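**Student:** Got a structure for you, written out below as structure tokens; questions coming shortly.
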Amino acid sequence: MSAIFGSQWFIKLLIVAILLIATYFIMKPVKSAQHLAMRRLSMMIFIAFAVIAALFPALLSRVAVFLGIGRGTDLLLYGLTLAFFSTLVTAYRRDAAVERKLTQLARTIALTTVRDGEPKPEKSTEAED
């Protein structure tokens, strides 16, 4: 078991936990206002983290050592990996919602066409000879 976790057990456990939370959010039904608020909050946290990392790179290295990671660049890589997966989750959910809406629209158009009979040809705007 110690071979799996090694000296960086905390960050590995944290990354696995965040990925499990991302998996949960993929499976969970969407609530628009709550989802939008979480996206905005996550973006604000990410921007604050990026600003602090840019202004105080030594602080990033100290935080990395505190968490059991060797270098600040490794911590930055882990953070960007998690940001990538959260973006992936967001894009997946957005695509699924658009697909559901498109399917509903296609069904509505199909049912309307069947109820009204054949679609009527559009009138030509040109004057007929």
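As shown in the structure tokens, the chain order sets the letters A, B, ...; within each chain, residues go from 1, and ligands are also counted from 1 in the order they appear.
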Report as a VMD selection string all protein, DNA and RNA residues lying within 10 Å of Ile11 in chain A, evaluated on only C-alpha atoms, omitting residues in the same chain fewer than 4 positions from it.
**Tutor:** chain A and resid 5 7 15 to 17 64 67 to 69 75 78
**Student:** When you draw a straight line from CA of Leu82 in chain A to CA of Tyr24 in chain A, how long is it in Å?
**Tutor:**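 According to the coordinates, CA of Leu82 in chain A and CA of Tyr24 in chain A are separated by 14.6 Å.
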**Student:** Out of A:Ile109, A:Leu19, A:Ala83, A:Leu77, which residue has the shortest atom-to-atom distance to Ile47 in chain A when counting only C-alpha atoms?
**Tutor:**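 Closest to Ile47 in chain A, using only C-alpha atoms: A:Ala83.
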**Student:** Between CA of Gln34 in chain A and CA of Thr81 in chain A, measure the distance and give it in Å to one decimal.
**Tutor:**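 Computing the Euclidean distance for CA of Gln34 in chain A and CA of Thr81 in chain A yields 23.7 Å.
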**Student:** Which is closer to Gly79 in chain A than all the others in A:Arg115, A:Arg93, A:Arg107, A:Lys12, using only C-alpha atoms?
**Tutor:** A:Lys12
**Student:** Name all residues at most 10 Å from Ser86 in chain A (count only C-alpha atoms; drop same-chain ones fewer than 3 positions away) and give them as a ChimeraX atom specification.
**Tutor:** /A:18-19,21-23,25-26,39,42,80-83,89-92
**Student:** Would you save the residues of that selection, restricted to all heavy atoms, as a tab-separated table (two decimals), in the first residue's frame?
**Tutor:**
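Dumped to again-v8.tsv:
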```
chain	number	residue	atom	x	y	z
A	18	ILE	N	-10.95	14.79	-5.72
A	18	ILE	CA	-11.51	15.79	-6.63
A	18	ILE	C	-12.02	15.14	-7.91
A	18	ILE	O	-13.07	15.51	-8.43
A	18	ILE	CB	-10.46	16.89	-6.92
A	18	ILE	CG1	-10.25	17.72	-5.65
A	18	ILE	CG2	-10.90	17.78	-8.07
A	18	ILE	CD1	-9.13	18.73	-5.75
A	19	LEU	N	-11.31	14.15	-8.42
A	19	LEU	CA	-11.78	13.45	-9.62
A	19	LEU	C	-13.06	12.67	-9.33
A	19	LEU	O	-13.95	12.60	-10.19
A	19	LEU	CB	-10.69	12.53	-10.16
A	19	LEU	CG	-9.49	13.25	-10.77
A	19	LEU	CD1	-8.41	12.26	-11.15
A	19	LEU	CD2	-9.91	14.08	-11.98
A	21	ILE	N	-15.31	13.60	-7.14
A	21	ILE	CA	-16.35	14.64	-7.07
A	21	ILE	C	-16.75	15.07	-8.48
A	21	ILE	O	-17.94	15.26	-8.77
A	21	ILE	CB	-15.85	15.84	-6.23
A	21	ILE	CG1	-15.75	15.43	-4.76
A	21	ILE	CG2	-16.76	17.04	-6.40
A	21	ILE	CD1	-15.05	16.44	-3.89
A	22	ALA	N	-15.77	15.20	-9.39
A	22	ALA	CA	-16.09	15.55	-10.78
A	22	ALA	C	-16.96	14.47	-11.42
A	22	ALA	O	-17.91	14.78	-12.16
A	22	ALA	CB	-14.80	15.74	-11.58
A	23	THR	N	-16.66	13.20	-11.12
A	23	THR	CA	-17.49	12.11	-11.63
A	23	THR	C	-18.91	12.20	-11.10
A	23	THR	O	-19.87	11.99	-11.85
A	23	THR	CB	-16.87	10.75	-11.23
A	23	THR	OG1	-15.53	10.70	-11.73
A	23	THR	CG2	-17.66	9.60	-11.78
A	25	PHE	N	-20.47	14.94	-10.29
A	25	PHE	CA	-21.15	16.04	-10.96
A	25	PHE	C	-21.52	15.70	-12.39
A	25	PHE	O	-22.45	16.27	-12.94
A	25	PHE	CB	-20.30	17.31	-10.92
A	25	PHE	CG	-20.39	18.04	-9.62
A	25	PHE	CD1	-19.28	18.18	-8.81
A	25	PHE	CD2	-21.59	18.58	-9.19
A	25	PHE	CE1	-19.37	18.84	-7.60
A	25	PHE	CE2	-21.70	19.24	-7.98
A	25	PHE	CZ	-20.59	19.37	-7.18
A	26	ILE	N	-20.80	14.77	-13.02
A	26	ILE	CA	-21.21	14.32	-14.35
A	26	ILE	C	-22.53	13.58	-14.28
A	26	ILE	O	-23.40	13.74	-15.13
A	26	ILE	CB	-20.12	13.42	-14.98
A	26	ILE	CG1	-18.92	14.25	-15.39
A	26	ILE	CG2	-20.66	12.66	-16.18
A	26	ILE	CD1	-17.76	13.44	-15.91
A	39	ARG	N	-19.77	27.25	-11.15
A	39	ARG	CA	-18.81	27.57	-12.21
A	39	ARG	C	-18.15	28.91	-11.96
A	39	ARG	O	-16.93	29.06	-12.11
A	39	ARG	CB	-19.52	27.60	-13.57
A	39	ARG	CG	-19.54	26.28	-14.24
A	39	ARG	CD	-20.02	26.29	-15.66
A	39	ARG	NE	-20.00	27.56	-16.35
A	39	ARG	CZ	-20.80	27.87	-17.33
A	39	ARG	NH1	-21.70	27.02	-17.74
A	39	ARG	NH2	-20.73	29.03	-17.92
A	42	SER	N	-15.76	28.59	-8.94
A	42	SER	CA	-14.56	27.85	-9.34
A	42	SER	C	-13.64	28.72	-10.18
A	42	SER	O	-12.42	28.69	-10.01
A	42	SER	CB	-14.94	26.60	-10.12
A	42	SER	OG	-15.70	25.74	-9.34
A	80	LEU	N	-3.49	22.46	-12.80
A	80	LEU	CA	-3.95	22.59	-14.19
A	80	LEU	C	-4.64	21.31	-14.67
A	80	LEU	O	-5.60	21.38	-15.45
A	80	LEU	CB	-2.78	22.95	-15.10
A	80	LEU	CG	-2.24	24.36	-14.91
A	80	LEU	CD1	-0.99	24.56	-15.77
A	80	LEU	CD2	-3.29	25.40	-15.25
A	81	THR	N	-4.16	20.16	-14.20
A	81	THR	CA	-4.81	18.90	-14.56
A	81	THR	C	-6.24	18.87	-14.01
A	81	THR	O	-7.18	18.50	-14.72
A	81	THR	CB	-4.01	17.70	-14.01
A	81	THR	OG1	-2.70	17.75	-14.55
A	81	THR	CG2	-4.67	16.39	-14.36
A	82	LEU	N	-6.40	19.29	-12.77
A	82	LEU	CA	-7.74	19.33	-12.18
A	82	LEU	C	-8.62	20.36	-12.87
A	82	LEU	O	-9.81	20.13	-13.08
A	82	LEU	CB	-7.64	19.59	-10.68
A	82	LEU	CG	-6.97	18.49	-9.88
A	82	LEU	CD1	-6.82	18.91	-8.43
A	82	LEU	CD2	-7.74	17.19	-9.99
A	83	ALA	N	-8.04	21.51	-13.25
A	83	ALA	CA	-8.81	22.51	-13.97
A	83	ALA	C	-9.26	21.98	-15.33
A	83	ALA	O	-10.39	22.23	-15.77
A	83	ALA	CB	-7.98	23.78	-14.15
A	89	VAL	N	-15.71	18.28	-17.57
A	89	VAL	CA	-17.01	17.97	-16.98
A	89	VAL	C	-18.05	19.01	-17.38
A	89	VAL	O	-19.17	18.69	-17.78
A	89	VAL	CB	-16.90	17.88	-15.44
A	89	VAL	CG1	-18.27	17.86	-14.79
A	89	VAL	CG2	-16.10	16.67	-15.04
A	90	THR	N	-17.67	20.28	-17.32
A	90	THR	CA	-18.59	21.36	-17.69
A	90	THR	C	-18.99	21.25	-19.15
A	90	THR	O	-20.18	21.39	-19.49
A	90	THR	CB	-17.93	22.72	-17.42
A	90	THR	OG1	-17.56	22.79	-16.04
A	90	THR	CG2	-18.86	23.86	-17.74
A	91	ALA	N	-18.03	21.01	-20.03
A	91	ALA	CA	-18.34	20.89	-21.45
A	91	ALA	C	-19.23	19.67	-21.72
A	91	ALA	O	-20.16	19.74	-22.53
A	91	ALA	CB	-17.05	20.79	-22.27
A	92	TYR	N	-18.98	18.57	-21.04
A	92	TYR	CA	-19.80	17.38	-21.20
A	92	TYR	C	-21.25	17.65	-20.81
A	92	TYR	O	-22.18	17.30	-21.52
A	92	TYR	CB	-19.23	16.23	-20.37
A	92	TYR	CG	-20.13	15.02	-20.32
A	92	TYR	CD1	-20.16	14.13	-21.37
A	92	TYR	CD2	-20.96	14.80	-19.23
A	92	TYR	CE1	-21.00	13.03	-21.34
A	92	TYR	CE2	-21.79	13.70	-19.18
A	92	TYR	CZ	-21.81	12.82	-20.24
A	92	TYR	OH	-22.64	11.74	-20.19
```
**Student:** Find, counting only C-alpha atoms, the residue in A:Arg94, A:Leu59, A:Leu88, A:Ala53 that gets nearest to His35 in chain A.
**Tutor:**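 Looking only at the distances to His35 in chain A, the closest residue turns out to be A:Arg94.
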**Student:** Between A:Thr73, A:Phe66, A:Leu14, A:Leu41, single out the one closest to Ala54 in chain A, counting only C-alpha atoms.
**Tutor:**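 Selected residue with least distance to Ala54 in chain A: A:Thr73.
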